[in-house]
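Structure file start30.pdb; described as PDB, C-alpha atoms.
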```
ATOM      1  CA  MET A   1     -83.155 158.019 109.644
ATOM      2  CA  ALA A   2     -85.643 155.134 109.703
ATOM      3  CA  GLN A   3     -88.741 157.270 110.187
ATOM      4  CA  ASP A   4     -87.697 159.458 107.246
ATOM      5  CA  SER A   5     -87.242 156.552 104.863
ATOM      6  CA  ALA A   6     -89.159 156.155 101.637
ATOM      7  CA  GLY A   7     -90.609 152.922 102.944
ATOM      8  CA  SER A   8     -92.038 154.395 106.155
ATOM      9  CA  ALA A   9     -95.715 153.887 106.927
ATOM     10  CA  GLY A  10     -98.048 156.697 105.958
ATOM     11  CA  GLU A  11     -95.755 158.235 103.336
ATOM     12  CA  SER A  12     -96.502 158.316  99.619
ATOM     13  CA  PRO A  13     -94.098 156.199  97.569
ATOM     14  CA  VAL A  14     -91.546 158.136  95.529
ATOM     15  CA  LEU A  15     -91.766 155.566  92.743
ATOM     16  CA  LYS A  16     -94.260 155.603  89.887
ATOM     17  CA  PRO A  17     -95.477 152.690  87.761
ATOM     18  CA  TRP A  18     -94.444 152.481  84.107
ATOM     19  CA  PRO A  19     -96.809 153.699  81.403
ATOM     20  CA  LYS A  20     -95.702 150.670  79.363
ATOM     21  CA  ARG A  21     -94.404 147.381  80.699
ATOM     22  CA  PRO A  22     -90.745 146.885  79.583
ATOM     23  CA  ALA A  23     -89.447 143.611  78.202
ATOM     24  CA  ARG A  24     -86.446 143.081  80.513
ATOM     25  CA  LEU A  25     -88.188 143.536  83.825
ATOM     26  CA  ALA A  26     -85.398 143.132  86.400
ATOM     27  CA  GLN A  27     -83.061 145.384  84.377
ATOM     28  CA  ALA A  28     -85.769 148.010  83.993
ATOM     29  CA  VAL A  29     -86.641 147.942  87.700
ATOM     30  CA  MET A  30     -82.959 148.237  88.599
ATOM     31  CA  GLU A  31     -82.465 151.208  86.249
ATOM     32  CA  SER A  32     -85.555 152.968  87.591
ATOM     33  CA  LEU A  33     -84.455 152.463  91.190
ATOM     34  CA  THR A  34     -80.922 153.575  90.331
ATOM     35  CA  ASP A  35     -82.221 156.834  88.886
ATOM     36  CA  THR A  36     -84.466 157.378  91.916
ATOM     37  CA  ILE A  37     -81.599 156.799  94.347
ATOM     38  CA  VAL A  38     -79.034 158.893  92.463
ATOM     39  CA  SER A  39     -81.510 161.759  92.065
ATOM     40  CA  GLY A  40     -81.844 161.899  95.846
ATOM     41  CA  ALA A  41     -85.539 161.011  95.877
ATOM     42  CA  ILE A  42     -84.568 158.176  98.228
ATOM     43  CA  PRO A  43     -81.657 159.715 100.151
ATOM     44  CA  PRO A  44     -78.711 157.866 101.709
ATOM     45  CA  GLY A  45     -79.625 156.173 104.969
ATOM     46  CA  SER A  46     -83.236 155.684 103.903
ATOM     47  CA  THR A  47     -84.750 152.280 103.227
ATOM     48  CA  LEU A  48     -86.287 151.215  99.960
ATOM     49  CA  PRO A  49     -90.037 150.586  99.930
ATOM     50  CA  VAL A  50     -90.797 147.079 101.154
ATOM     51  CA  GLU A  51     -90.913 144.222  98.683
ATOM     52  CA  PRO A  52     -94.730 143.991  98.322
ATOM     53  CA  GLU A  53     -94.904 147.728  97.651
ATOM     54  CA  LEU A  54     -92.219 147.484  94.979
ATOM     55  CA  CYS A  55     -94.036 144.558  93.392
ATOM     56  CA  GLU A  56     -97.234 146.574  93.238
ATOM     57  CA  THR A  57     -95.561 149.734  91.953
ATOM     58  CA  PHE A  58     -93.761 148.008  89.091
ATOM     59  CA  GLY A  59     -96.302 145.243  88.506
ATOM     60  CA  VAL A  60     -93.697 142.494  88.763
ATOM     61  CA  SER A  61     -93.044 139.384  90.832
ATOM     62  CA  ARG A  62     -91.008 139.164  94.029
ATOM     63  CA  ILE A  63     -88.356 137.223  92.117
ATOM     64  CA  THR A  64     -87.935 140.166  89.729
ATOM     65  CA  ILE A  65     -87.680 142.650  92.609
ATOM     66  CA  ARG A  66     -85.124 140.507  94.409
ATOM     67  CA  GLU A  67     -83.022 140.239  91.248
ATOM     68  CA  ALA A  68     -83.152 144.018  90.772
ATOM     69  CA  VAL A  69     -82.186 144.684  94.401
ATOM     70  CA  LYS A  70     -79.263 142.247  94.167
ATOM     71  CA  SER A  71     -78.044 144.195  91.150
ATOM     72  CA  LEU A  72     -78.349 147.465  93.082
ATOM     73  CA  GLU A  73     -76.327 145.943  95.898
ATOM     74  CA  ALA A  74     -73.632 144.802  93.463
ATOM     75  CA  LYS A  75     -73.358 148.400  92.239
ATOM     76  CA  GLY A  76     -72.854 149.643  95.797
ATOM     77  CA  LEU A  77     -76.121 151.597  95.855
ATOM     78  CA  VAL A  78     -77.862 149.698  98.642
ATOM     79  CA  LEU A  79     -77.133 147.360 101.507
ATOM     80  CA  ALA A  80     -79.663 144.624 102.264
ATOM     81  CA  ARG A  81     -79.659 143.279 105.832
ATOM     82  CA  GLN A  82     -82.008 140.753 107.342
ATOM     83  CA  GLY A  83     -84.374 142.487 109.724
ATOM     84  CA  TYR A  84     -83.294 146.011 108.701
ATOM     85  CA  GLY A  85     -84.570 146.234 105.144
ATOM     86  CA  THR A  86     -82.597 147.537 102.181
ATOM     87  CA  THR A  87     -80.776 150.782 102.969
ATOM     88  CA  VAL A  88     -79.445 153.302 100.460
ATOM     89  CA  THR A  89     -75.688 153.703 100.905
ATOM     90  CA  PRO A  90     -73.709 156.986 100.885
ATOM     91  CA  PRO A  91     -72.638 158.200  97.407
ATOM     92  CA  GLU A  92     -69.030 157.422  98.324
ATOM     93  CA  GLU A  93     -69.945 153.733  98.179
ATOM     94  CA  TRP A  94     -71.443 153.857  94.672
ATOM     95  CA  ASN A  95     -69.543 152.285  91.773
ATOM     96  CA  LEU A  96     -69.273 155.213  89.373
ATOM     97  CA  LEU A  97     -67.549 153.072  86.758
ATOM     98  CA  ASP A  98     -70.728 151.050  86.424
ATOM     99  CA  PRO A  99     -72.398 152.399  83.242
ATOM    100  CA  VAL A 100     -75.899 152.558  84.759
ATOM    101  CA  VAL A 101     -74.727 154.344  87.923
ATOM    102  CA  LEU A 102     -72.503 156.718  85.979
ATOM    103  CA  ALA A 103     -75.242 157.538  83.471
ATOM    104  CA  ALA A 104     -77.705 158.389  86.245
ATOM    105  CA  THR A 105     -75.079 160.405  88.125
ATOM    106  CA  VAL A 106     -74.218 162.448  85.052
ATOM    107  CA  GLN A 107     -77.880 163.095  84.264
ATOM    108  CA  HIS A 108     -78.448 164.535  87.749
ATOM    109  CA  ASP A 109     -75.144 166.442  87.990
ATOM    110  CA  ASP A 110     -76.746 169.894  87.894
ATOM    111  CA  GLN A 111     -73.763 171.570  89.587
ATOM    112  CA  LEU A 112     -71.290 169.801  87.264
ATOM    113  CA  VAL A 113     -69.297 168.457  90.207
ATOM    114  CA  VAL A 114     -68.948 164.976  88.728
ATOM    115  CA  LEU A 115     -68.448 166.251  85.181
ATOM    116  CA  ASP A 116     -65.623 168.534  86.337
ATOM    117  CA  GLN A 117     -64.015 165.551  88.053
ATOM    118  CA  LEU A 118     -64.565 163.414  84.962
ATOM    119  CA  VAL A 119     -62.830 165.971  82.750
ATOM    120  CA  ASP A 120     -59.888 166.191  85.170
ATOM    121  CA  ILE A 121     -59.486 162.416  85.199
ATOM    122  CA  ARG A 122     -59.893 162.180  81.455
ATOM    123  CA  SER A 123     -57.352 164.921  80.723
ATOM    124  CA  THR A 124     -54.763 163.388  83.055
ATOM    125  CA  LEU A 125     -55.164 159.831  81.810
ATOM    126  CA  GLU A 126     -55.569 160.714  78.147
ATOM    127  CA  ALA A 127     -52.512 162.978  78.252
ATOM    128  CA  GLN A 128     -50.451 160.130  79.678
ATOM    129  CA  MET A 129     -51.734 157.763  77.004
ATOM    130  CA  THR A 130     -51.035 160.306  74.272
ATOM    131  CA  ALA A 131     -47.425 160.407  75.499
ATOM    132  CA  GLN A 132     -47.352 156.613  75.203
ATOM    133  CA  ALA A 133     -48.796 156.826  71.700
ATOM    134  CA  ALA A 134     -46.010 159.199  70.656
ATOM    135  CA  LYS A 135     -43.548 156.440  71.539
ATOM    136  CA  LEU A 136     -45.465 153.322  70.538
ATOM    137  CA  ALA A 137     -47.656 154.303  67.585
ATOM    138  CA  THR A 138     -46.976 152.403  64.384
ATOM    139  CA  ASP A 139     -46.833 154.085  60.994
ATOM    140  CA  ASP A 140     -50.343 152.751  60.330
ATOM    141  CA  ASP A 141     -51.553 154.296  63.590
ATOM    142  CA  LEU A 142     -50.173 157.684  62.631
ATOM    143  CA  ARG A 143     -51.630 157.486  59.118
ATOM    144  CA  ASP A 144     -55.067 156.734  60.569
ATOM    145  CA  ILE A 145     -54.779 159.676  62.962
ATOM    146  CA  GLU A 146     -53.811 161.970  60.075
ATOM    147  CA  ARG A 147     -56.774 160.723  58.017
ATOM    148  CA  LEU A 148     -59.172 161.452  60.866
ATOM    149  CA  LEU A 149     -57.675 164.905  61.302
ATOM    150  CA  ALA A 150     -58.220 165.605  57.602
ATOM    151  CA  ARG A 151     -61.831 164.465  57.917
ATOM    152  CA  LEU A 152     -62.283 166.787  60.894
ATOM    153  CA  ASP A 153     -61.001 169.662  58.751
ATOM    154  CA  GLU A 154     -63.805 168.930  56.284
ATOM    155  CA  GLU A 155     -66.503 168.656  58.949
ATOM    156  CA  THR A 156     -65.981 171.786  61.043
ATOM    157  CA  ALA A 157     -69.042 173.385  59.417
ATOM    158  CA  VAL A 158     -71.218 170.400  60.396
ATOM    159  CA  PRO A 159     -70.934 170.110  64.198
ATOM    160  CA  ALA A 160     -72.994 166.910  64.509
ATOM    161  CA  ARG A 161     -70.645 165.037  62.160
ATOM    162  CA  PHE A 162     -67.575 166.747  63.611
ATOM    163  CA  ILE A 163     -68.425 165.552  67.136
ATOM    164  CA  GLU A 164     -68.640 161.922  66.045
ATOM    165  CA  THR A 165     -65.330 162.086  64.182
ATOM    166  CA  ASP A 166     -63.818 163.930  67.141
ATOM    167  CA  VAL A 167     -64.618 160.914  69.332
ATOM    168  CA  ALA A 168     -63.027 158.596  66.757
ATOM    169  CA  PHE A 169     -59.904 160.801  66.570
ATOM    170  CA  HIS A 170     -59.375 160.657  70.330
ATOM    171  CA  ASP A 171     -60.085 156.940  70.470
ATOM    172  CA  ARG A 172     -57.598 156.220  67.662
ATOM    173  CA  ILE A 173     -54.886 157.941  69.678
ATOM    174  CA  LEU A 174     -55.831 155.876  72.732
ATOM    175  CA  GLN A 175     -55.656 152.739  70.602
ATOM    176  CA  ALA A 176     -52.186 153.745  69.426
ATOM    177  CA  SER A 177     -51.021 153.918  73.058
ATOM    178  CA  HIS A 178     -51.633 150.144  73.384
ATOM    179  CA  ASN A 179     -53.001 150.782  76.889
ATOM    180  CA  ARG A 180     -56.158 148.657  76.784
ATOM    181  CA  LEU A 181     -57.223 149.291  80.370
ATOM    182  CA  GLY A 182     -56.813 153.050  80.114
ATOM    183  CA  ARG A 183     -58.716 153.102  76.845
ATOM    184  CA  SER A 184     -61.593 151.144  78.376
ATOM    185  CA  ILE A 185     -61.822 153.507  81.357
ATOM    186  CA  ILE A 186     -61.896 156.608  79.169
ATOM    187  CA  ARG A 187     -64.457 155.080  76.795
ATOM    188  CA  ILE A 188     -66.775 154.278  79.728
ATOM    189  CA  LEU A 189     -66.440 157.766  81.204
ATOM    190  CA  HIS A 190     -66.767 159.612  77.915
ATOM    191  CA  ALA A 191     -69.666 157.527  76.576
ATOM    192  CA  GLN A 192     -71.810 158.294  79.616
ATOM    193  CA  ALA A 193     -70.800 161.947  79.792
ATOM    194  CA  ARG A 194     -71.879 162.410  76.186
ATOM    195  CA  THR A 195     -75.451 161.382  77.035
ATOM    196  CA  THR A 196     -76.139 164.782  78.634
ATOM    197  CA  TYR A 197     -76.283 168.291  77.187
ATOM    198  CA  LEU A 198     -74.487 169.471  80.354
ATOM    199  CA  TYR A 199     -71.340 167.866  78.950
ATOM    200  CA  ASN A 200     -71.908 168.300  75.218
ATOM    201  CA  GLY A 201     -72.976 171.936  75.168
ATOM    202  CA  THR A 202     -74.111 173.352  71.840
ATOM    203  CA  PRO A 203     -70.975 173.575  69.678
ATOM    204  CA  ASP A 204     -71.045 175.675  66.529
ATOM    205  CA  ALA A 205     -68.684 175.886  63.561
ATOM    206  CA  ILE A 206     -66.375 178.336  65.357
ATOM    207  CA  ALA A 207     -66.040 176.018  68.351
ATOM    208  CA  CYS A 208     -65.299 173.117  65.998
ATOM    209  CA  GLU A 209     -62.569 175.118  64.252
ATOM    210  CA  ARG A 210     -60.969 175.971  67.582
ATOM    211  CA  ALA A 211     -61.126 172.355  68.705
ATOM    212  CA  ASN A 212     -59.539 171.196  65.485
ATOM    213  CA  ALA A 213     -56.667 173.642  65.806
ATOM    214  CA  GLU A 214     -55.991 171.954  69.132
ATOM    215  CA  HIS A 215     -56.330 168.515  67.518
ATOM    216  CA  ARG A 216     -53.734 169.553  64.964
ATOM    217  CA  ALA A 217     -51.316 170.583  67.719
ATOM    218  CA  VAL A 218     -51.687 167.127  69.277
ATOM    219  CA  ALA A 219     -51.196 165.370  65.939
ATOM    220  CA  GLU A 220     -48.088 167.415  65.115
ATOM    221  CA  ARG A 221     -46.459 166.394  68.406
ATOM    222  CA  LEU A 222     -47.412 162.762  67.804
ATOM    223  CA  LEU A 223     -45.875 162.789  64.339
ATOM    224  CA  ALA A 224     -42.734 164.343  65.797
ATOM    225  CA  ARG A 225     -42.615 161.551  68.409
ATOM    226  CA  ASP A 226     -42.581 164.256  71.085
ATOM    227  CA  SER A 227     -44.095 162.499  74.112
ATOM    228  CA  GLU A 228     -44.033 165.450  76.495
ATOM    229  CA  GLY A 229     -45.318 167.899  73.899
ATOM    230  CA  ALA A 230     -48.098 165.536  72.832
ATOM    231  CA  ALA A 231     -49.210 165.037  76.439
ATOM    232  CA  GLN A 232     -49.263 168.763  77.120
ATOM    233  CA  ALA A 233     -51.194 169.472  73.924
ATOM    234  CA  MET A 234     -53.804 166.823  74.739
ATOM    235  CA  ALA A 235     -54.310 167.944  78.345
ATOM    236  CA  ALA A 236     -54.634 171.572  77.242
ATOM    237  CA  HIS A 237     -57.121 170.625  74.512
ATOM    238  CA  ILE A 238     -59.421 168.621  76.807
ATOM    239  CA  GLN A 239     -59.481 171.277  79.526
ATOM    240  CA  THR A 240     -59.879 174.180  77.084
ATOM    241  CA  ALA A 241     -62.624 172.440  75.127
ATOM    242  CA  TRP A 242     -64.507 171.786  78.379
ATOM    243  CA  SER A 243     -64.180 175.434  79.417
ATOM    244  CA  ARG A 244     -65.821 176.404  76.104
ATOM    245  CA  ARG A 245     -68.722 173.985  76.605
ATOM    246  CA  ARG A 246     -69.243 174.386  80.335
ATOM    247  CA  LEU A 247     -72.373 176.334  81.168
ATOM    248  CA  PRO A 248     -71.332 179.786  82.432
ATOM    249  CA  ASN A 249     -74.123 179.983  85.011
ATOM    250  CA  VAL A 250     -73.201 176.722  86.717
ATOM    251  CA  SER A 251     -70.355 176.474  89.195
ATOM    252  CA  SER A 252     -69.362 173.608  91.404
ATOM    253  CA  PRO A 253     -68.778 174.121  95.144
ATOM    254  CA  ALA A 254     -65.073 173.457  94.586
ATOM    255  CA  SER A 255     -64.722 176.198  91.968
TER     256      SER A 255
END
```
When written as structure tokens, how does the structure in this file appear?
Amino acid sequence: MAQDSAGSAGESPVLKPWPKRPARLAQAVMESLTDTIVSGAIPPGSTLPVEPELCETFGVSRITIREAVKSLEAKGLVLARQGYGTTVTPPEEWNLLDPVVLAATVQHDDQLVVLDQLVDIRSTLEAQMTAQAAKLATDDDLRDIERLLARLDEETAVPARFIETDVAFHDRILQASHNRLGRSIIRILHAQARTTYLYNGTPDAIACERANAEHRAVAERLLARDSEGAAQAMAAHIQTAWSRRRLPNVSSPAS
């Protein structure tokens, strides 16, 4: 693999200098390299361009490059070894819960493989937490959920506003479950997924109305303290909503 690496002699670098020098240099270099690695421009098993070349490309000092590479290593994207250079690791080694890695992965997920997996994880975990909320939610929790549902009813004709309140509705249910770790995981996954049109789609008023009918089914089960029913309603909603948004001309290899 060494002769095929991005840092091999005689090859053009895959990296391009910035049109404008960013303020936080090491962070910016790390994010640029992350995107380049995740996109496949520097494939697994290849070595990063050597330090002087990176310095020249980004117009930064060796200290900045070293800091950026250490951050990449902490995220599982590369392995730096004395005498062997810095090698890009297999995707299985990448920390997908790291916001920068996840954001880049989602942006380059043209076949929706990762987004399909994300939806599966989200529906399973959020359904479980909705069941917990049905048992543990306080009266204040339930009143807040009802208020958000009423706001969603008013916003179905304005998809941009509806989407934001939709996120708040789901998060309020997660909060009512009192599962802080689960809530944090879902918020990380969902926040990064929402940065791409591949996940968001282009919802219209009809799609919002359908989504809110499903929201209402979840809320009704919560108010009835029906854990199993609430979990089933939430899992069905997340999977059905994704099937409405998912691009019809894109299919993952596992489909």
Using all atoms listed in the file, tabulate the residues of range 62-161 of chain A lying at most 9 Å from any atom of range 45-49 of chain A, each with its closest atom pair and that distance in Å to one decimal, by chain and increasing residue number, as a tab-separated table.
```
residue	atom	partner	partner_atom	distance
A:Val78	CA	A:Leu48	CA	8.7
A:Tyr84	CA	A:Thr47	CA	8.4
A:Gly85	CA	A:Thr47	CA	6.3
A:Thr86	CA	A:Thr47	CA	5.3
A:Thr87	CA	A:Thr47	CA	4.3
A:Val88	CA	A:Gly45	CA	5.3
A:Thr89	CA	A:Gly45	CA	6.2
A:Pro90	CA	A:Gly45	CA	7.2
```
Using all atoms listed in the file, tabulate the residues of range 55-154 of chain A lying at most 7 Å from any atom of range 224-244 of chain A, each with its closest atom pair and that distance in Å to one decimal, by chain and increasing residue number, as CSV.
```
residue,atom,partner,partner_atom,distance
A:Ser123,CA,A:Ala235,CA,4.9
A:Thr124,CA,A:Ala235,CA,6.6
A:Ala127,CA,A:Ala231,CA,4.3
A:Gln128,CA,A:Ala231,CA,6.0
A:Thr130,CA,A:Ala231,CA,5.5
A:Ala131,CA,A:Ser227,CA,4.2
A:Gln132,CA,A:Ser227,CA,6.8
A:Ala134,CA,A:Arg225,CA,4.7
A:Lys135,CA,A:Arg225,CA,6.1
```
Just give me the gap between CA of Ala137 in chain A and CA of Asn200 in chain A in Å, one decimal is fine.
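A separation of 29.0 Å between them.
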Nearby residues (all atoms listed in the file) at most 12 Å from Asp153 in chain A, same-chain spacing under 4 positions excluded, as a PyMOL selection string:
chain A and resi 146-149+157-159+161-163+165-166+169+205+208-216
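For the residues A:Tyr199, A:Val218, A:Leu15, A:His170, ranking by smallest atom-to-atom distance to Val113 in chain A using only C-alpha atoms places A:Tyr199 first.
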Using all atoms listed in the file, can you tell me which of A:Leu174, A:Met129, A:Leu223, A:Val100 comes closest to Val38 in chain A?
A:Val100
What is the CA of Asp35 in chain A to CA of Arg183 in chain A distance in Å?
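Separation between CA of Asp35 in chain A and CA of Arg183 in chain A: 26.7 Å.
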Centre and edge lengths, as lines of an AutoDock Vina configuration file, for the axis-aligned box enclosing every listed atom of range 34-53 of chain A with 5 Å of padding on each of the six sides, in Å to one decimal?
```
center_x = -86.8
center_y = 152.9
center_z = 96.9
size_x = 26.2
size_y = 27.9
size_z = 26.1
```
Would you work out the distance separating CA of Trp94 in chain A from CA of Leu112 in chain A, expressed in Å to one decimal?
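A separation of 17.6 Å between them.
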So that I can check the surroundings of Ala103 in chain A, please list as a list in words every protein, DNA and RNA residue that reaches within 9 Å of it, counting all atoms listed in the file and ignoring chain neighbours fewer than 5 positions away.
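Close residues of Ala103 in chain A: Asp35, Leu96, Asp98, His108, Ala191, Gln192, Ala193, Thr195 and Thr196 of chain A.
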May I ask which of the residues A:Thr34, A:Val119, A:Ile145, A:Pro43 is the closest one to Arg221 in chain A, counting only C-alpha atoms?
A:Ile145
Here's the selection I'm unsure about, the PyMOL selection byres ((chain A and resi 64) around 9); applied to the file above, which residues does it give, as JSON, numbers by chain?
{"A": [25, 26, 27, 29, 55, 60, 61, 62, 63, 65, 66, 67, 68, 69]}
Kindly write range 159-169 of chain A with all heavy atoms to a file, as a short mmCIF file (atom, residue, chain, number, x, y, z; two decimals), in the first residue's frame.
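Result went into part-v5.cif, see below:
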```
data_model
loop_
_atom_site.label_atom_id
_atom_site.label_comp_id
_atom_site.auth_asym_id
_atom_site.auth_seq_id
_atom_site.Cartn_x
_atom_site.Cartn_y
_atom_site.Cartn_z
N PRO A 159 -43.21 23.82 7.33
CA PRO A 159 -42.27 22.72 7.61
C PRO A 159 -41.00 23.13 8.33
O PRO A 159 -40.52 22.39 9.21
CB PRO A 159 -41.97 22.17 6.21
CG PRO A 159 -43.20 22.45 5.43
CD PRO A 159 -43.69 23.78 5.94
N ALA A 160 -40.43 24.28 8.02
CA ALA A 160 -39.18 24.69 8.66
C ALA A 160 -39.36 24.84 10.17
O ALA A 160 -38.50 24.41 10.96
CB ALA A 160 -38.68 26.00 8.06
N ARG A 161 -40.47 25.45 10.58
CA ARG A 161 -40.76 25.60 12.01
C ARG A 161 -41.15 24.25 12.62
O ARG A 161 -40.76 23.93 13.75
CB ARG A 161 -41.87 26.62 12.22
CG ARG A 161 -41.43 28.06 11.96
CD ARG A 161 -42.61 29.01 11.95
NE ARG A 161 -43.39 28.94 13.18
CZ ARG A 161 -44.58 29.55 13.35
NH1 ARG A 161 -45.08 30.27 12.35
NH2 ARG A 161 -45.22 29.46 14.47
N PHE A 162 -41.91 23.47 11.88
CA PHE A 162 -42.35 22.16 12.36
C PHE A 162 -41.16 21.28 12.70
O PHE A 162 -41.14 20.60 13.74
CB PHE A 162 -43.22 21.48 11.30
CG PHE A 162 -43.73 20.12 11.70
CD1 PHE A 162 -44.95 19.98 12.35
CD2 PHE A 162 -42.99 18.97 11.42
CE1 PHE A 162 -45.42 18.72 12.72
CE2 PHE A 162 -43.45 17.72 11.78
CZ PHE A 162 -44.67 17.59 12.44
N ILE A 163 -40.14 21.28 11.83
CA ILE A 163 -38.97 20.42 12.03
C ILE A 163 -38.26 20.77 13.33
O ILE A 163 -37.85 19.88 14.08
CB ILE A 163 -38.02 20.53 10.82
CG1 ILE A 163 -38.65 19.88 9.59
CG2 ILE A 163 -36.67 19.89 11.13
CD1 ILE A 163 -37.90 20.17 8.30
N GLU A 164 -38.12 22.05 13.61
CA GLU A 164 -37.44 22.46 14.84
C GLU A 164 -38.24 22.05 16.08
O GLU A 164 -37.67 21.58 17.07
CB GLU A 164 -37.21 23.97 14.84
CG GLU A 164 -36.25 24.45 13.76
CD GLU A 164 -34.90 23.76 13.82
OE1 GLU A 164 -34.36 23.62 14.95
OE2 GLU A 164 -34.40 23.35 12.76
N THR A 165 -39.55 22.21 16.02
CA THR A 165 -40.38 21.81 17.17
C THR A 165 -40.44 20.30 17.29
O THR A 165 -40.52 19.74 18.40
CB THR A 165 -41.80 22.39 17.03
OG1 THR A 165 -41.71 23.81 16.84
CG2 THR A 165 -42.64 22.12 18.27
N ASP A 166 -40.38 19.62 16.16
CA ASP A 166 -40.31 18.15 16.14
C ASP A 166 -39.11 17.67 16.95
O ASP A 166 -39.22 16.75 17.79
CB ASP A 166 -40.21 17.69 14.68
CG ASP A 166 -40.23 16.18 14.52
OD1 ASP A 166 -40.01 15.46 15.51
OD2 ASP A 166 -40.44 15.72 13.38
N VAL A 167 -37.96 18.28 16.73
CA VAL A 167 -36.75 17.92 17.47
C VAL A 167 -36.96 18.15 18.96
O VAL A 167 -36.60 17.31 19.80
CB VAL A 167 -35.54 18.73 16.97
CG1 VAL A 167 -34.32 18.48 17.86
CG2 VAL A 167 -35.21 18.36 15.53
N ALA A 168 -37.57 19.27 19.32
CA ALA A 168 -37.84 19.58 20.73
C ALA A 168 -38.81 18.59 21.35
O ALA A 168 -38.65 18.20 22.52
CB ALA A 168 -38.38 21.00 20.85
N PHE A 169 -39.82 18.16 20.58
CA PHE A 169 -40.80 17.18 21.07
C PHE A 169 -40.10 15.87 21.42
O PHE A 169 -40.30 15.32 22.52
CB PHE A 169 -41.86 16.97 19.99
CG PHE A 169 -42.85 15.88 20.29
CD1 PHE A 169 -43.93 16.11 21.13
CD2 PHE A 169 -42.72 14.62 19.71
CE1 PHE A 169 -44.87 15.11 21.39
CE2 PHE A 169 -43.65 13.62 19.97
CZ PHE A 169 -44.72 13.85 20.81
#
```
